[in-house]
file input37.cif (mmCIF, C-alpha atoms, pLDDT in the B column; chains and numbers go by the auth columns)
data_model
#
loop_
_atom_site.group_PDB
_atom_site.id
_atom_site.type_symbol
_atom_site.label_atom_id
_atom_site.label_comp_id
_atom_site.label_asym_id
_atom_site.label_seq_id
_atom_site.Cartn_x
_atom_site.Cartn_y
_atom_site.Cartn_z
_atom_site.B_iso_or_equiv
_atom_site.auth_seq_id
_atom_site.auth_asym_id
ATOM 1 C CA MET A 1 -53.430 185.827 170.150 45.00 559 A
ATOM 2 C CA VAL A 2 -55.400 188.425 168.235 46.00 560 A
ATOM 3 C CA LYS A 3 -58.773 186.732 167.921 51.00 561 A
ATOM 4 C CA TYR A 4 -59.444 186.495 171.646 47.00 562 A
ATOM 5 C CA GLY A 5 -58.428 190.030 172.489 44.00 563 A
ATOM 6 C CA LEU A 6 -55.020 189.440 174.039 44.00 564 A
ATOM 7 C CA ASP A 7 -52.896 192.535 173.908 51.00 565 A
ATOM 8 C CA TYR A 8 -49.837 192.068 171.734 56.00 566 A
ATOM 9 C CA THR A 9 -47.523 193.919 174.103 55.00 567 A
ATOM 10 C CA ARG A 10 -48.281 191.375 176.837 59.00 568 A
ATOM 11 C CA CYS A 11 -47.990 188.333 174.564 65.00 569 A
ATOM 12 C CA ARG A 12 -45.052 189.274 172.359 70.00 570 A
ATOM 13 C CA TRP A 13 -42.575 187.179 174.359 80.00 571 A
ATOM 14 C CA ILE A 14 -44.557 183.928 174.385 85.00 572 A
ATOM 15 C CA LEU A 15 -42.953 182.532 171.224 86.00 573 A
ATOM 16 C CA PRO A 16 -39.346 183.342 172.246 89.00 574 A
ATOM 17 C CA LEU A 17 -40.131 181.916 175.699 91.00 575 A
ATOM 18 C CA LEU A 18 -41.293 178.649 174.119 93.00 576 A
ATOM 19 C CA LEU A 19 -38.143 178.563 172.004 95.00 577 A
ATOM 20 C CA GLY A 20 -36.092 179.061 175.186 95.00 578 A
ATOM 21 C CA ILE A 21 -37.869 176.133 176.825 96.00 579 A
ATOM 22 C CA GLY A 22 -37.041 174.081 173.728 96.00 580 A
ATOM 23 C CA VAL A 23 -33.362 175.046 174.047 96.00 581 A
ATOM 24 C CA ILE A 24 -33.366 173.835 177.662 97.00 582 A
ATOM 25 C CA PHE A 25 -35.087 170.571 176.665 96.00 583 A
ATOM 26 C CA GLY A 26 -32.458 170.104 173.960 96.00 584 A
ATOM 27 C CA ILE A 27 -29.604 170.496 176.441 96.00 585 A
ATOM 28 C CA ILE A 28 -31.257 167.919 178.702 95.00 586 A
ATOM 29 C CA GLY A 29 -31.787 165.546 175.783 94.00 587 A
ATOM 30 C CA LEU A 30 -28.240 165.846 174.448 95.00 588 A
ATOM 31 C CA ALA A 31 -26.610 165.447 177.869 94.00 589 A
ATOM 32 C CA GLY A 32 -28.902 162.717 179.209 91.00 590 A
ATOM 33 C CA TRP A 33 -28.026 159.053 179.633 87.00 591 A
ATOM 34 C CA ALA A 34 -31.453 157.602 179.031 85.00 592 A
ATOM 35 C CA TRP A 35 -31.714 157.257 175.269 89.00 593 A
ATOM 36 C CA LEU A 36 -32.020 153.490 175.494 87.00 594 A
ATOM 37 C CA GLU A 37 -32.258 151.442 178.680 85.00 595 A
ATOM 38 C CA SER A 38 -32.986 147.908 179.736 78.00 596 A
ATOM 39 C CA ALA A 39 -36.702 147.767 180.411 76.00 597 A
ATOM 40 C CA THR A 40 -36.686 144.626 182.526 73.00 598 A
ATOM 41 C CA VAL A 41 -34.610 143.192 185.355 74.00 599 A
ATOM 42 C CA PRO A 42 -31.615 142.784 185.179 75.00 600 A
ATOM 43 C CA TYR A 43 -30.807 146.339 184.116 78.00 601 A
ATOM 44 C CA VAL A 44 -27.674 145.589 182.145 81.00 602 A
ATOM 45 C CA GLN A 45 -27.723 147.993 179.219 84.00 603 A
ATOM 46 C CA ARG A 46 -28.019 151.735 178.717 86.00 604 A
ATOM 47 C CA ALA A 47 -27.103 154.130 175.950 89.00 605 A
ATOM 48 C CA SER A 48 -26.876 157.817 175.298 90.00 606 A
ATOM 49 C CA LEU A 49 -26.409 159.663 172.037 91.00 607 A
ATOM 50 C CA TRP A 50 -22.658 159.431 172.575 93.00 608 A
ATOM 51 C CA GLN A 51 -21.956 155.953 174.009 92.00 609 A
ATOM 52 C CA THR A 52 -23.426 152.584 174.875 90.00 610 A
ATOM 53 C CA CYS A 53 -22.785 150.788 178.152 88.00 611 A
ATOM 54 C CA THR A 54 -23.326 147.188 179.275 86.00 612 A
ATOM 55 C CA ARG A 55 -22.610 145.125 182.365 86.00 613 A
ATOM 56 C CA ALA A 56 -22.753 141.432 183.185 81.00 614 A
ATOM 57 C CA ASP A 57 -25.248 141.758 186.041 81.00 615 A
ATOM 58 C CA GLU A 58 -26.667 144.457 188.311 79.00 616 A
ATOM 59 C CA ASN A 59 -23.717 144.276 190.735 83.00 617 A
ATOM 60 C CA SER A 60 -20.899 144.686 188.211 86.00 618 A
ATOM 61 C CA GLU A 61 -19.384 147.862 186.754 89.00 619 A
ATOM 62 C CA TRP A 62 -20.523 149.461 183.497 87.00 620 A
ATOM 63 C CA THR A 63 -18.257 148.999 180.471 90.00 621 A
ATOM 64 C CA CYS A 64 -18.831 151.722 177.900 90.00 622 A
ATOM 65 C CA GLU A 65 -17.802 152.177 174.306 91.00 623 A
ATOM 66 C CA PRO A 66 -18.312 155.250 172.148 93.00 624 A
ATOM 67 C CA LEU A 67 -20.956 155.114 169.451 90.00 625 A
ATOM 68 C CA THR A 68 -18.852 157.305 167.177 91.00 626 A
ATOM 69 C CA THR A 69 -17.013 154.238 165.900 92.00 627 A
ATOM 70 C CA TRP A 70 -20.016 153.558 163.640 92.00 628 A
ATOM 71 C CA ALA A 71 -20.775 155.776 160.658 94.00 629 A
ATOM 72 C CA TRP A 72 -24.527 155.743 161.348 93.00 630 A
ATOM 73 C CA ALA A 73 -23.930 157.135 164.844 92.00 631 A
ATOM 74 C CA ARG A 74 -21.771 159.950 163.508 94.00 632 A
ATOM 75 C CA GLY A 75 -24.521 160.697 160.984 94.00 633 A
ATOM 76 C CA ALA A 76 -27.223 160.689 163.661 94.00 634 A
ATOM 77 C CA ILE A 77 -25.144 162.897 165.970 94.00 635 A
ATOM 78 C CA GLY A 78 -24.387 165.276 163.098 96.00 636 A
ATOM 79 C CA THR A 79 -27.996 165.664 161.992 97.00 637 A
ATOM 80 C CA ILE A 80 -29.311 166.057 165.545 96.00 638 A
ATOM 81 C CA LEU A 81 -26.644 168.648 166.397 97.00 639 A
ATOM 82 C CA THR A 82 -27.280 170.510 163.134 97.00 640 A
ATOM 83 C CA GLY A 83 -31.003 170.663 163.866 97.00 641 A
ATOM 84 C CA TYR A 84 -30.388 171.747 167.433 97.00 642 A
ATOM 85 C CA ILE A 85 -27.913 174.476 166.432 97.00 643 A
ATOM 86 C CA ILE A 86 -30.447 175.855 163.934 97.00 644 A
ATOM 87 C CA PHE A 87 -33.043 175.772 166.736 97.00 645 A
ATOM 88 C CA VAL A 88 -30.722 177.795 169.014 97.00 646 A
ATOM 89 C CA ILE A 89 -30.078 180.285 166.186 96.00 647 A
ATOM 90 C CA CYS A 90 -33.855 180.685 165.788 95.00 648 A
ATOM 91 C CA PHE A 91 -34.091 181.401 169.516 95.00 649 A
ATOM 92 C CA ALA A 92 -31.509 184.180 169.218 94.00 650 A
ATOM 93 C CA LEU A 93 -33.178 185.607 166.100 91.00 651 A
ATOM 94 C CA ALA A 94 -36.594 185.545 167.799 89.00 652 A
ATOM 95 C CA ILE A 95 -35.264 187.527 170.749 89.00 653 A
ATOM 96 C CA ILE A 96 -33.814 190.094 168.344 86.00 654 A
ATOM 97 C CA ALA A 97 -37.004 190.217 166.249 83.00 655 A
ATOM 98 C CA PHE A 98 -39.313 190.714 169.204 78.00 656 A
ATOM 99 C CA ALA A 99 -37.024 193.159 170.998 78.00 657 A
ATOM 100 C CA VAL A 100 -37.237 195.635 168.130 74.00 658 A
ATOM 101 C CA SER A 101 -40.205 197.954 168.630 63.00 659 A
ATOM 102 C CA LEU A 102 -41.129 197.842 164.940 66.00 660 A
ATOM 103 C CA LEU A 103 -41.370 194.193 163.982 61.00 661 A
ATOM 104 C CA ARG A 104 -40.100 193.021 160.646 65.00 662 A
ATOM 105 C CA PHE A 105 -42.749 190.458 159.760 67.00 663 A
ATOM 106 C CA ASN A 106 -40.841 188.942 156.843 68.00 664 A
ATOM 107 C CA PHE A 107 -37.992 188.343 159.274 81.00 665 A
ATOM 108 C CA ILE A 108 -40.385 186.455 161.547 83.00 666 A
ATOM 109 C CA ARG A 109 -41.559 184.302 158.640 86.00 667 A
ATOM 110 C CA GLY A 110 -37.895 183.467 157.941 90.00 668 A
ATOM 111 C CA ILE A 111 -37.525 182.228 161.517 91.00 669 A
ATOM 112 C CA GLY A 112 -40.489 179.930 160.869 91.00 670 A
ATOM 113 C CA GLY A 113 -38.771 178.553 157.768 93.00 671 A
ATOM 114 C CA LEU A 114 -35.577 177.903 159.724 96.00 672 A
ATOM 115 C CA LEU A 115 -37.603 176.107 162.389 96.00 673 A
ATOM 116 C CA PHE A 116 -39.022 173.780 159.718 96.00 674 A
ATOM 117 C CA VAL A 117 -35.444 173.019 158.585 97.00 675 A
ATOM 118 C CA SER A 118 -34.440 172.418 162.199 97.00 676 A
ATOM 119 C CA ALA A 119 -37.352 170.016 162.693 97.00 677 A
ATOM 120 C CA LEU A 120 -36.390 168.145 159.525 97.00 678 A
ATOM 121 C CA PHE A 121 -32.820 167.605 160.734 97.00 679 A
ATOM 122 C CA LEU A 122 -33.941 166.621 164.236 96.00 680 A
ATOM 123 C CA ILE A 123 -36.477 164.083 162.958 97.00 681 A
ATOM 124 C CA MET A 124 -33.956 162.577 160.532 96.00 682 A
ATOM 125 C CA GLY A 125 -31.422 162.084 163.331 95.00 683 A
ATOM 126 C CA LEU A 126 -34.038 160.791 165.771 95.00 684 A
ATOM 127 C CA VAL A 127 -35.101 158.159 163.235 94.00 685 A
ATOM 128 C CA ILE A 128 -31.557 157.181 162.195 93.00 686 A
ATOM 129 C CA TYR A 129 -30.518 156.541 165.811 92.00 687 A
ATOM 130 C CA PRO A 130 -33.003 153.833 166.904 89.00 688 A
ATOM 131 C CA VAL A 131 -33.210 152.061 163.556 90.00 689 A
ATOM 132 C CA ASN A 132 -29.459 151.595 163.231 90.00 690 A
ATOM 133 C CA TYR A 133 -28.852 151.092 166.946 87.00 691 A
ATOM 134 C CA THR A 134 -31.201 148.119 167.080 85.00 692 A
ATOM 135 C CA GLU A 135 -29.714 146.667 163.877 87.00 693 A
ATOM 136 C CA THR A 136 -26.059 147.124 164.852 86.00 694 A
ATOM 137 C CA ILE A 137 -25.885 146.613 168.608 83.00 695 A
ATOM 138 C CA ASN A 138 -27.176 143.473 170.263 77.00 696 A
ATOM 139 C CA ILE A 139 -29.889 144.542 172.688 76.00 697 A
ATOM 140 C CA ILE A 140 -29.860 142.396 175.823 73.00 698 A
ATOM 141 C CA GLU A 141 -33.311 141.503 177.149 73.00 699 A
ATOM 142 C CA VAL A 142 -35.908 144.175 176.373 76.00 700 A
ATOM 143 C CA GLY A 143 -34.854 147.728 175.542 77.00 701 A
ATOM 144 C CA ALA A 144 -36.937 150.860 175.959 84.00 702 A
ATOM 145 C CA PHE A 145 -36.259 154.386 174.828 86.00 703 A
ATOM 146 C CA GLY A 146 -35.961 156.724 177.762 88.00 704 A
ATOM 147 C CA TRP A 147 -36.610 160.282 178.816 91.00 705 A
ATOM 148 C CA SER A 148 -33.587 161.870 177.098 93.00 706 A
ATOM 149 C CA TYR A 149 -34.733 160.513 173.756 93.00 707 A
ATOM 150 C CA GLY A 150 -38.214 161.828 174.562 93.00 708 A
ATOM 151 C CA PHE A 151 -36.838 165.285 175.328 95.00 709 A
ATOM 152 C CA MET A 152 -35.266 165.445 171.873 95.00 710 A
ATOM 153 C CA TRP A 153 -38.565 164.390 170.289 96.00 711 A
ATOM 154 C CA THR A 154 -40.225 167.164 172.280 96.00 712 A
ATOM 155 C CA VAL A 155 -37.782 169.675 170.777 96.00 713 A
ATOM 156 C CA ALA A 156 -38.588 168.387 167.274 97.00 714 A
ATOM 157 C CA ILE A 157 -42.346 168.651 167.861 97.00 715 A
ATOM 158 C CA MET A 158 -41.935 172.127 169.367 96.00 716 A
ATOM 159 C CA ALA A 159 -39.941 173.171 166.287 96.00 717 A
ATOM 160 C CA ILE A 160 -42.807 172.108 164.010 96.00 718 A
ATOM 161 C CA GLY A 161 -45.477 173.831 166.102 94.00 719 A
ATOM 162 C CA LEU A 162 -43.513 177.036 166.569 93.00 720 A
ATOM 163 C CA ALA A 163 -42.666 177.111 162.864 93.00 721 A
ATOM 164 C CA PHE A 164 -46.375 177.260 162.060 90.00 722 A
ATOM 165 C CA PHE A 165 -46.880 180.085 164.564 86.00 723 A
ATOM 166 C CA PHE A 166 -43.932 182.070 163.224 86.00 724 A
ATOM 167 C CA CYS A 167 -45.099 181.590 159.629 85.00 725 A
ATOM 168 C CA CYS A 168 -48.719 182.558 160.370 80.00 726 A
ATOM 169 C CA LEU A 169 -48.028 185.530 162.651 74.00 727 A
ATOM 170 C CA PRO A 170 -47.349 187.992 159.772 67.00 728 A
ATOM 171 C CA ASN A 171 -50.895 187.361 158.469 64.00 729 A
ATOM 172 C CA TYR A 172 -52.152 189.351 161.479 63.00 730 A
ATOM 173 C CA GLU A 173 -49.701 192.238 161.123 61.00 731 A
ATOM 174 C CA ASP A 174 -52.365 194.971 161.048 59.00 732 A
ATOM 175 C CA GLN A 175 -54.219 193.620 164.066 58.00 733 A
ATOM 176 C CA ILE A 176 -51.021 193.180 166.047 58.00 734 A
ATOM 177 C CA LEU A 177 -49.743 196.678 165.292 56.00 735 A
ATOM 178 C CA GLY A 178 -53.144 198.244 166.040 59.00 736 A
ATOM 179 C CA ASN A 179 -53.866 199.470 162.503 61.00 737 A
ATOM 180 C CA VAL A 180 -57.360 197.933 162.455 64.00 738 A
ATOM 181 C CA LYS A 181 -60.248 199.053 164.605 66.00 739 A
ATOM 182 C CA PRO A 182 -61.296 196.082 166.783 62.00 740 A
ATOM 183 C CA ASP A 183 -64.784 194.657 166.223 63.00 741 A
ATOM 184 C CA TYR A 184 -66.213 193.531 169.569 65.00 742 A
ATOM 185 C CA CYS A 185 -69.735 192.723 168.456 66.00 743 A
ATOM 186 C CA CYS A 186 -71.433 191.148 165.492 67.00 744 A
ATOM 187 C CA GLY A 187 -70.105 193.728 163.047 58.00 745 A
ATOM 188 C CA THR A 188 -70.839 197.331 162.214 56.00 746 A
ATOM 189 C CA PRO A 189 -74.120 198.194 160.445 53.00 747 A
#

call {"tool": "encode", "arguments": {"input": "input37.cif", "output": "C-alpha cells"}}
result
Amino acid sequence: MVKYGLDYTRCRWILPLLLGIGVIFGIIGLAGWAWLESATVPYVQRASLWQTCTRADENSEWTCEPLTTWAWARGAIGTILTGYIIFVICFALAIIAFAVSLLRFNFIRGIGGLLFVSALFLIMGLVIYPVNYTETINIIEVGAFGWSYGFMWTVAIMAIGLAFFFCCLPNYEDQILGNVKPDYCCGTP
C-alpha cells in the first residue's frame, strides 16, 4: 500500500473488508451441501460437513445420515468450527483496530498471529474430512469435492494471506502514519 503511493486513509479498510468476505465465504462453505458429490451419472451420493446422503437411482428420494456418529467427523467439524470462529474474532478485532484513529500496530500483529492459528485449524479439519470420509464411507461411482468444500479452502488460503499482511503492516508504521517525508524521485542529493 505504501510503496505505490496509495493514501492510507483510503486503503485502511481493505484488510477488514477482505476478512468480511472470508466470513461470508465461510458461512457459505459451512451451510453448503456440496462437500462431496457424485461426479458421474447416476448422481446418487452427496455429502455436506454435517451429513451424507445416498439414493438408489436418480428418481428415488435421498436417505441421509448424520456424520457426527463417527469420531473423525466430530473432530473435523470441531477443528473447522474452531478455525472459523477464530477467523470471525479476527474480523471483529480488525474492525476495532482500524476504527481507532491511532492504530496500535502490535495489536495488528496479534491479529496476524491469530489468523495463522485459524488457518492451521481450518487446514487440519479440511484434510481430516476427505481422508477419513473416503476411508469410512463407501463412495458409489466417482466422487468429486464440490463448491462448498472449495469455499472453506478459500477461507483457509485467505487466512494465510491476510495473516502475512497483518504481520507485515507494522513494519511500515512511520510511512502509514505520515512520519516520513515521501521520496518521489531517485533520492535526495

call {"tool": "residues_around", "arguments": {"input": "input37.cif", "residues": "Gly633 in chain A", "least_positions_apart": "6", "cutoff": "12 Å", "atoms": "all atoms listed in the file", "output": "PyMOL selection string"}}
result
chain A and resi 607-608+625-627+639-640+679-680+682-687+690

call {"tool": "write_last_selection", "arguments": {"input": "input37.cif", "atoms": "C-alpha atoms", "output": "JSON list (two decimals), keeping the file's coordinate frame"}}
result
[["chain", "number", "residue", "atom", "x", "y", "z"],
["A", 607, "LEU", "CA", -26.41, 159.66, 172.04],
["A", 608, "TRP", "CA", -22.66, 159.43, 172.58],
["A", 625, "LEU", "CA", -20.96, 155.11, 169.45],
["A", 626, "THR", "CA", -18.85, 157.30, 167.18],
["A", 627, "THR", "CA", -17.01, 154.24, 165.90],
["A", 639, "LEU", "CA", -26.64, 168.65, 166.40],
["A", 640, "THR", "CA", -27.28, 170.51, 163.13],
["A", 679, "PHE", "CA", -32.82, 167.60, 160.73],
["A", 680, "LEU", "CA", -33.94, 166.62, 164.24],
["A", 682, "MET", "CA", -33.96, 162.58, 160.53],
["A", 683, "GLY", "CA", -31.42, 162.08, 163.33],
["A", 684, "LEU", "CA", -34.04, 160.79, 165.77],
["A", 685, "VAL", "CA", -35.10, 158.16, 163.24],
["A", 686, "ILE", "CA", -31.56, 157.18, 162.20],
["A", 687, "TYR", "CA", -30.52, 156.54, 165.81],
["A", 690, "ASN", "CA", -29.46, 151.60, 163.23]]

call {"tool": "atom_distance", "arguments": {"input": "input37.cif", "atom1": "CA of Gly670 in chain A", "atom2": "CA of Gly587 in chain A"}}
result
22.5 Å

call {"tool": "resolve_selection", "arguments": {"input": "input37.cif", "expression": "the PyMOL selection byres ((chain A and resi 601) around 10)", "output": "ChimeraX atom specification"}}
result
/A:595-600,602-604,612-617,698-701

call {"tool": "closest_residue", "arguments": {"input": "input37.cif", "among": "A:Leu673, A:Ile695, A:Ala650, A:Val689", "to": "Ile715 in chain A", "atoms": "only C-alpha atoms"}}
result
A:Leu673

call {"tool": "residues_around", "arguments": {"input": "input37.cif", "residues": "Trp711 in chain A", "least_positions_apart": "6", "cutoff": "12 Å", "atoms": "only C-alpha atoms", "output": "ChimeraX atom specification"}}
result
/A:580,583-584,586-588,593,638,641-642,677-685,703-705,717-718

call {"tool": "closest_residue", "arguments": {"input": "input37.cif", "among": "A:Tyr707, A:Gly668, A:Thr694, A:Ile644", "to": "Phe723 in chain A", "atoms": "all atoms listed in the file"}}
result
A:Gly668

call {"tool": "closest_residue", "arguments": {"input": "input37.cif", "among": "A:Val646, A:Leu672, A:Ala592, A:Cys726", "to": "Gly708 in chain A", "atoms": "all atoms listed in the file"}}
result
A:Ala592

call {"tool": "atom_distance", "arguments": {"input": "input37.cif", "atom1": "CA of Ile653 in chain A", "atom2": "CA of Pro574 in chain A"}}
result
6.0 Å

call {"tool": "atom_distance", "arguments": {"input": "input37.cif", "atom1": "CA of Phe722 in chain A", "atom2": "CA of Ile654 in chain A"}}
result
19.0 Å
